[in-house]
file model_17.csv (CSV, C-alpha atoms)
chain,number,residue,atom,x,y,z
A,1187,MET,CA,150.3,-19.6,85.8
A,1188,THR,CA,147.0,-17.9,86.6
A,1189,LYS,CA,144.7,-19.0,89.4
A,1190,ASP,CA,142.2,-20.5,87.0
A,1191,GLY,CA,145.0,-22.4,85.2
A,1192,LEU,CA,146.3,-23.7,88.5
A,1193,ASN,CA,142.8,-24.9,89.5
A,1194,ILE,CA,142.5,-26.7,86.1
A,1195,ALA,CA,145.9,-28.3,86.5
A,1196,MET,CA,145.1,-29.5,90.0
A,1197,LYS,CA,141.7,-30.9,89.0
A,1198,THR,CA,141.7,-34.7,89.3
A,1199,ILE,CA,140.5,-36.5,86.2
A,1200,THR,CA,139.0,-39.9,86.9
A,1201,VAL,CA,137.5,-42.6,84.8
A,1202,ASP,CA,134.1,-41.9,86.2
A,1203,SER,CA,134.4,-38.2,85.4
A,1204,VAL,CA,135.2,-39.0,81.8
A,1205,ILE,CA,132.3,-41.4,81.5
A,1206,ASN,CA,130.0,-38.8,83.0
A,1207,GLU,CA,131.1,-36.3,80.3
A,1208,LEU,CA,130.4,-38.8,77.6
A,1209,GLY,CA,127.0,-39.5,79.2
A,1210,LYS,CA,125.9,-35.9,79.1
A,1211,SER,CA,124.9,-36.1,75.5
A,1212,PRO,CA,123.8,-39.8,74.8
A,1213,THR,CA,122.8,-40.6,71.2
A,1214,PRO,CA,120.0,-43.1,70.3
A,1215,LEU,CA,122.6,-45.4,68.8
A,1216,LEU,CA,124.6,-45.4,72.1
A,1217,GLY,CA,121.4,-46.1,74.0
A,1218,ILE,CA,120.5,-49.1,71.7
A,1219,LEU,CA,124.0,-50.5,72.0
A,1220,TRP,CA,123.9,-50.2,75.8
A,1221,VAL,CA,120.5,-51.9,76.1
A,1222,TRP,CA,121.7,-54.7,73.8
A,1223,ALA,CA,124.7,-55.2,76.1
A,1224,THR,CA,122.5,-55.4,79.2
A,1225,LEU,CA,120.6,-58.3,77.6
A,1226,VAL,CA,123.4,-60.4,79.1
A,1227,GLY,CA,121.4,-60.2,82.3
A,1228,MET,CA,118.6,-62.3,80.7
A,1229,VAL,CA,120.9,-65.2,79.8
A,1230,GLY,CA,121.1,-66.7,83.3
A,1231,CYS,CA,117.3,-66.9,83.7
A,1232,LEU,CA,117.0,-68.9,80.4
A,1233,SER,CA,119.3,-71.6,81.8
A,1234,SER,CA,118.2,-71.4,85.4
A,1235,TYR,CA,114.6,-72.3,84.4
A,1236,LEU,CA,115.4,-74.5,81.4
A,1237,GLY,CA,115.0,-77.7,83.4
A,1238,VAL,CA,111.3,-76.8,84.1
A,1239,PHE,CA,110.6,-77.0,80.4
A,1240,ILE,CA,112.7,-79.9,79.3
A,1241,GLY,CA,112.7,-82.2,82.4
A,1242,PHE,CA,109.1,-82.2,83.5
A,1243,THR,CA,107.2,-85.4,84.3
A,1244,PRO,CA,103.9,-85.8,82.4
A,1245,THR,CA,100.8,-86.1,84.6
A,1246,GLY,CA,98.1,-86.8,82.1
A,1247,GLU,CA,96.6,-90.0,80.8
A,1248,PHE,CA,98.5,-92.5,78.6
A,1249,THR,CA,97.7,-95.2,76.1
A,1250,CYS,CA,98.5,-98.8,76.9
A,1251,LEU,CA,100.7,-100.7,74.4
A,1252,SER,CA,101.0,-104.0,76.1
A,1253,THR,CA,98.6,-106.7,77.3
A,1254,ARG,CA,99.9,-106.4,80.9
A,1255,CYS,CA,99.1,-102.6,80.9
A,1256,ASP,CA,95.6,-103.3,79.5
A,1257,ASN,CA,95.0,-105.9,82.2
A,1258,LEU,CA,96.1,-103.5,85.0
A,1259,LEU,CA,93.9,-100.8,83.5
A,1260,LYS,CA,90.9,-103.1,83.5
A,1261,ASN,CA,91.5,-104.1,87.1
A,1262,ALA,CA,91.8,-100.4,88.1
A,1263,GLN,CA,88.5,-99.6,86.3
A,1264,GLN,CA,86.7,-102.5,88.1
A,1265,LEU,CA,88.0,-101.2,91.5
A,1266,GLY,CA,87.1,-97.6,90.6
A,1267,GLN,CA,90.7,-96.5,90.7
A,1268,THR,CA,91.1,-95.4,87.1
A,1269,GLU,CA,92.3,-91.9,88.1
A,1270,ASP,CA,95.0,-93.4,90.5
A,1271,PHE,CA,96.1,-95.8,87.7
A,1272,TYR,CA,97.4,-92.9,85.6
A,1273,LYS,CA,99.5,-91.4,88.4
A,1274,ILE,CA,103.3,-91.7,88.5
A,1275,ASP,CA,103.3,-93.7,91.7
A,1276,SER,CA,101.1,-96.3,90.2
A,1277,ILE,CA,103.2,-96.5,87.0
A,1278,CYS,CA,106.4,-97.0,88.9
A,1279,LYS,CA,104.9,-99.6,91.3
A,1280,SER,CA,103.6,-101.6,88.4
A,1281,ASN,CA,107.0,-101.4,86.7
A,1282,LEU,CA,105.5,-100.2,83.4
A,1283,THR,CA,108.0,-99.2,80.8
A,1284,HIS,CA,107.5,-96.2,78.6
A,1285,GLY,CA,107.6,-97.1,74.9
A,1286,ASP,CA,107.0,-100.8,75.6
A,1287,ASP,CA,104.0,-100.9,78.0
A,1288,PHE,CA,102.5,-97.4,77.5
A,1289,THR,CA,103.0,-94.0,75.9
A,1290,TRP,CA,101.8,-90.7,77.3
A,1291,ASN,CA,99.1,-88.7,75.4
A,1292,GLU,CA,101.4,-85.7,75.6
A,1293,SER,CA,102.5,-83.7,72.6
A,1294,ARG,CA,105.5,-82.3,74.6
A,1295,SER,CA,108.6,-84.4,75.1
A,1296,SER,CA,110.9,-84.4,78.1
A,1297,PHE,CA,114.2,-85.9,79.0
A,1298,SER,CA,112.7,-87.4,82.1
A,1299,VAL,CA,110.7,-89.6,79.8
A,1300,ASP,CA,113.3,-90.2,77.1
A,1301,LEU,CA,115.9,-91.2,79.7
A,1302,ASP,CA,113.4,-93.1,82.0
A,1303,LEU,CA,113.9,-90.8,84.9
A,1304,PHE,CA,110.3,-90.1,85.8
A,1305,CYS,CA,110.4,-92.8,88.5
A,1306,SER,CA,113.4,-91.3,90.1
A,1307,PRO,CA,112.5,-87.9,91.7
A,1308,SER,CA,115.9,-87.7,93.3
A,1309,SER,CA,117.6,-87.8,89.9
A,1310,LEU,CA,115.4,-84.9,88.7
A,1311,SER,CA,116.0,-83.0,91.9
A,1312,LEU,CA,119.8,-83.4,91.5
A,1313,TYR,CA,119.6,-82.1,88.0
A,1314,HIS,CA,118.0,-78.9,89.1
A,1315,SER,CA,120.1,-78.4,92.2
A,1316,ILE,CA,123.5,-79.2,90.8
A,1317,TYR,CA,123.2,-76.0,88.8
A,1318,LYS,CA,124.1,-74.1,92.0
A,1319,ILE,CA,127.3,-76.1,92.3
A,1320,GLY,CA,128.5,-74.5,89.1
A,1321,GLY,CA,127.4,-71.1,90.3
A,1322,LEU,CA,129.4,-71.6,93.5
A,1323,LEU,CA,132.6,-72.4,91.5
A,1324,ALA,CA,132.1,-69.2,89.5
A,1325,VAL,CA,131.6,-67.1,92.6
A,1326,SER,CA,134.8,-68.6,94.1
A,1327,THR,CA,137.0,-67.9,91.1
A,1328,GLY,CA,135.2,-65.0,89.4
A,1329,SER,CA,136.8,-62.1,91.3
A,1330,ILE,CA,140.3,-63.3,90.3
A,1331,LEU,CA,139.4,-63.6,86.7
A,1332,TYR,CA,137.7,-60.2,86.6
A,1333,GLU,CA,140.8,-58.5,87.9
A,1334,ARG,CA,143.4,-60.5,85.9
A,1335,ALA,CA,141.7,-61.2,82.6
A,1336,GLY,CA,139.2,-58.3,82.6
A,1337,ARG,CA,135.5,-58.0,83.2
A,1338,ARG,CA,134.5,-58.4,79.6
A,1339,ARG,CA,136.8,-61.4,78.9
A,1340,ALA,CA,135.8,-63.3,82.0
A,1341,ALA,CA,132.1,-62.6,81.2
A,1342,ALA,CA,132.7,-63.8,77.6
A,1343,VAL,CA,134.2,-67.0,79.0
A,1344,GLY,CA,131.1,-67.5,81.2
A,1345,ALA,CA,128.9,-66.7,78.2
A,1346,ALA,CA,130.7,-69.4,76.1
A,1347,PHE,CA,130.2,-72.0,78.9
A,1348,ILE,CA,126.5,-71.3,79.3
A,1349,SER,CA,125.5,-71.0,75.6
A,1350,ILE,CA,127.7,-74.0,74.4
A,1351,SER,CA,126.5,-76.2,77.3
A,1352,THR,CA,122.8,-75.3,76.5
A,1353,LEU,CA,123.3,-76.1,72.8
A,1354,CYS,CA,125.1,-79.4,73.7
A,1355,THR,CA,122.2,-80.5,75.9
A,1356,THR,CA,120.4,-81.0,72.6
A,1357,PHE,CA,122.5,-84.0,71.9
A,1358,ALA,CA,122.7,-85.5,75.4
A,1359,ARG,CA,121.9,-89.2,75.5
A,1360,SER,CA,122.7,-90.0,79.1
A,1361,TYR,CA,121.9,-88.6,82.6
A,1362,THR,CA,125.6,-88.2,83.4
A,1363,VAL,CA,126.1,-86.0,80.4
A,1364,LEU,CA,123.1,-83.9,81.4
A,1365,LEU,CA,124.6,-83.4,84.9
A,1366,VAL,CA,128.0,-82.3,83.6
A,1367,LEU,CA,126.3,-79.8,81.2
A,1368,ARG,CA,124.1,-78.5,84.0
A,1369,VAL,CA,127.2,-77.7,86.1
A,1370,LEU,CA,128.7,-75.9,83.2
A,1371,GLN,CA,125.5,-73.9,82.8
A,1372,GLY,CA,125.6,-72.8,86.4
A,1373,LEU,CA,129.3,-71.9,86.1
A,1374,GLY,CA,128.7,-69.9,83.0
A,1375,ASP,CA,125.6,-68.2,84.4
A,1376,GLN,CA,127.3,-66.7,87.4
A,1377,LEU,CA,130.6,-66.0,85.7
A,1378,GLY,CA,128.9,-64.3,82.8
A,1379,TYR,CA,126.2,-62.4,84.8
A,1380,LEU,CA,128.5,-61.0,87.5
A,1381,GLY,CA,131.2,-60.2,85.0
A,1382,GLY,CA,128.7,-58.5,82.7
A,1383,TRP,CA,127.1,-56.6,85.6
A,1384,ILE,CA,130.5,-55.2,86.7
A,1385,TRP,CA,131.6,-54.5,83.1
A,1386,LEU,CA,128.4,-52.5,82.3
A,1387,PHE,CA,128.2,-50.8,85.7
A,1388,GLU,CA,131.7,-49.3,85.2
A,1389,MET,CA,130.7,-48.0,81.8
A,1390,THR,CA,127.5,-46.4,83.0
A,1391,PRO,CA,127.5,-42.7,84.0
A,1392,ILE,CA,127.0,-42.2,87.7
A,1393,ARG,CA,123.7,-40.4,87.3
A,1394,TYR,CA,122.2,-43.4,85.6
A,1395,ARG,CA,123.6,-46.0,88.0
A,1396,LYS,CA,120.7,-45.7,90.4
A,1397,PHE,CA,118.5,-47.2,87.7
A,1398,TYR,CA,121.0,-49.8,86.7
A,1399,ASN,CA,120.3,-52.5,89.3
A,1400,SER,CA,116.5,-52.3,88.7
A,1401,TRP,CA,117.1,-52.5,85.0
A,1402,MET,CA,119.3,-55.6,85.2
A,1403,ALA,CA,116.9,-57.3,87.6
A,1404,SER,CA,114.1,-56.6,85.2
A,1405,LEU,CA,116.0,-58.1,82.3
A,1406,TRP,CA,116.8,-61.2,84.3
A,1407,SER,CA,113.1,-61.6,85.0
A,1408,LEU,CA,112.4,-61.1,81.3
A,1409,GLY,CA,114.2,-64.4,80.6
A,1410,TYR,CA,111.3,-66.5,82.0
A,1411,PRO,CA,108.5,-65.1,79.7
A,1412,VAL,CA,111.0,-65.5,76.8
A,1413,LEU,CA,111.6,-69.1,77.7
A,1414,SER,CA,107.8,-69.6,78.2
A,1415,CYS,CA,107.2,-68.4,74.6
A,1416,ILE,CA,109.9,-70.8,73.4
A,1417,GLY,CA,108.3,-73.7,75.3
A,1418,TYR,CA,104.8,-72.7,74.0
A,1419,TYR,CA,105.7,-73.0,70.4
A,1420,ILE,CA,108.3,-75.7,70.5
A,1421,HIS,CA,107.3,-79.0,72.0
A,1422,ASN,CA,110.4,-81.1,71.6
A,1423,TRP,CA,112.8,-80.6,74.5
A,1424,ARG,CA,115.9,-80.9,72.4
A,1425,TYR,CA,114.7,-78.1,70.0
A,1426,ILE,CA,113.9,-76.0,73.1
A,1427,CYS,CA,117.6,-76.2,74.0
A,1428,VAL,CA,118.6,-75.1,70.5
A,1429,ALA,CA,116.2,-72.1,70.6
A,1430,ALA,CA,117.3,-71.1,74.1
A,1431,GLY,CA,121.0,-71.4,73.2
A,1432,LEU,CA,120.6,-69.2,70.1
A,1433,VAL,CA,118.9,-66.5,72.2
A,1434,GLN,CA,121.8,-66.7,74.6
A,1435,VAL,CA,124.3,-66.3,71.8
A,1436,PHE,CA,122.5,-63.2,70.5
A,1437,CYS,CA,122.4,-61.6,73.9
A,1438,GLN,CA,126.2,-62.3,74.4
A,1439,ILE,CA,127.4,-60.8,71.1
A,1440,PRO,CA,128.3,-57.4,72.7
A,1441,LEU,CA,130.8,-59.3,75.0
A,1442,LEU,CA,132.8,-60.1,71.8
A,1443,ILE,CA,132.7,-56.7,70.0
A,1444,TYR,CA,132.5,-54.1,72.8
A,1445,PRO,CA,135.6,-52.7,74.6
A,1446,ASP,CA,136.4,-53.8,78.2
A,1447,SER,CA,135.7,-51.7,81.2
A,1448,PRO,CA,137.5,-48.4,81.2
A,1449,ARG,CA,138.3,-48.8,84.8
A,1450,TYR,CA,140.0,-52.1,84.2
A,1451,LEU,CA,141.9,-50.9,81.1
A,1452,SER,CA,143.1,-47.7,83.0
A,1453,ARG,CA,144.8,-49.9,85.6
A,1454,SER,CA,146.4,-52.2,83.1
A,1455,ASP,CA,150.2,-52.5,83.1
A,1456,ASP,CA,150.3,-52.4,79.3
A,1457,PRO,CA,150.0,-48.7,78.2
A,1458,ASN,CA,148.8,-49.9,74.8
A,1459,ARG,CA,145.6,-51.2,76.4
A,1460,LEU,CA,144.7,-47.9,78.0
A,1461,PRO,CA,141.4,-46.6,76.8
A,1462,VAL,CA,141.2,-43.6,74.4
A,1463,PHE,CA,138.6,-41.1,75.5
call {"tool": "encode", "arguments": {"input": "model_17.csv", "output": "structure tokens"}}
result
Amino acid sequence: MTKDGLNIAMKTITVDSVINELGKSPTPLLGILWVWATLVGMVGCLSSYLGVFIGFTPTGEFTCLSTRCDNLLKNAQQLGQTEDFYKIDSICKSNLTHGDDFTWNESRSSFSVDLDLFCSPSSLSLYHSIYKIGGLLAVSTGSILYERAGRRRAAAVGAAFISISTLCTTFARSYTVLLVLRVLQGLGDQLGYLGGWIWLFEMTPIRYRKFYNSWMASLWSLGYPVLSCIGYYIHNWRYICVAAGLVQVFCQIPLLIYPDSPRYLSRSDDPNRLPVF
């Protein structure tokens, strides 16, 4: 064997080196597919801020529907406290019931109104914060799933949790159901985002990885303006959940059709699952 042949034989071939070779001549189609796959980073933001758009408490004026509400309004006007009368504190202290005593002059609906939660700030606070409980569960179990089931499969499970729970929120009729679905959203968010991040990172050539973190962070931030556009054109909170859920499904399609991480497949015990380069 010649010296050059010996050097070639001794050269170590790694998964990263193969990916780098493939990345030397990227095609437009490959770039589009990669960008589509990175949209998984936007999914978490859609669910994280969803409560801001579907669980807000109206702060504007309302129309009285009962005689008791009319009398309270007249008393407030005589005392020069009309502005205070329309505040949440005044509504709750007067035990006014939405739908029976008054209705807000607000075109946008909210589950805080539909489920009579606007007088319970702690309930709304719990709805927003319990999202992190689901995220904690995902972080605690995610590393095991990523190694045993694969990055893509684990991320796909998280994607299913977050999109299905978002769509099911459309049909929620009780506060308890909303809390359960919120926990599942947090679970799916972290499980899908971290799994998708590792999955794509291991398929990205080394020379592009320095831009990867910034790109994924930018996509996460992109979720908020997308959700803002949904909330601007859709005023019913249940339909907002439908729209957000459909956007999440579109962003997660690559998790169902793309291969798993080459690094994970190369360490698989089943030789039939090894990647073909």
call {"tool": "closest_atom_pairs", "arguments": {"input": "model_17.csv", "of": "range 1204-1314 of chain A", "to": "range 1427-1435 of chain A", "cutoff": "10 Å", "atoms": "all atoms listed in the file", "output": "Markdown table"}}
result
| residue | atom | partner | partner_atom | distance |
| --- | --- | --- | --- | --- |
| A:Leu1225 | CA | A:Gln1434 | CA | 9.0 |
| A:Val1226 | CA | A:Gln1434 | CA | 7.9 |
| A:Met1228 | CA | A:Gln1434 | CA | 8.2 |
| A:Val1229 | CA | A:Gln1434 | CA | 5.5 |
| A:Gly1230 | CA | A:Gln1434 | CA | 8.7 |
| A:Leu1232 | CA | A:Ala1430 | CA | 6.7 |
| A:Ser1233 | CA | A:Ala1430 | CA | 8.0 |
| A:Leu1236 | CA | A:Cys1427 | CA | 7.9 |
| A:Gly1237 | CA | A:Cys1427 | CA | 9.9 |
| A:Phe1239 | CA | A:Cys1427 | CA | 9.5 |
| A:Ile1240 | CA | A:Cys1427 | CA | 8.1 |
call {"tool": "atom_distance", "arguments": {"input": "model_17.csv", "atom1": "CA of Glu1333 in chain A", "atom2": "CA of Ser1452 in chain A"}}
result
12.1 Å
call {"tool": "closest_residue", "arguments": {"input": "model_17.csv", "among": "A:Tyr1272, A:Tyr1419, A:Trp1220, A:Tyr1317", "to": "Met1402 in chain A", "atoms": "all atoms listed in the file"}}
result
A:Trp1220
call {"tool": "atom_distance", "arguments": {"input": "model_17.csv", "atom1": "CA of Arg1339 in chain A", "atom2": "CA of Trp1385 in chain A"}}
result
9.6 Å
call {"tool": "closest_residue", "arguments": {"input": "model_17.csv", "among": "A:Asp1375, A:His1314, A:Ile1274, A:Trp1383", "to": "Ser1400 in chain A", "atoms": "all atoms listed in the file"}}
result
A:Trp1383
call {"tool": "closest_residue", "arguments": {"input": "model_17.csv", "among": "A:Ala1335, A:Ala1342, A:Leu1259, A:Val1325", "to": "Ile1443 in chain A", "atoms": "only C-alpha atoms"}}
result
A:Ala1342
call {"tool": "atom_distance", "arguments": {"input": "model_17.csv", "atom1": "CA of Leu1364 in chain A", "atom2": "CA of Leu1441 in chain A"}}
result
26.6 Å
call {"tool": "closest_residue", "arguments": {"input": "model_17.csv", "among": "A:Gln1263, A:Thr1224, A:Ser1308, A:Thr1390", "to": "Leu1408 in chain A", "atoms": "only C-alpha atoms"}}
result
A:Thr1224
call {"tool": "closest_residue", "arguments": {"input": "model_17.csv", "among": "A:Val1238, A:Ala1324, A:Leu1219, A:Ile1416", "to": "Leu1370 in chain A", "atoms": "all atoms listed in the file"}}
result
A:Ala1324
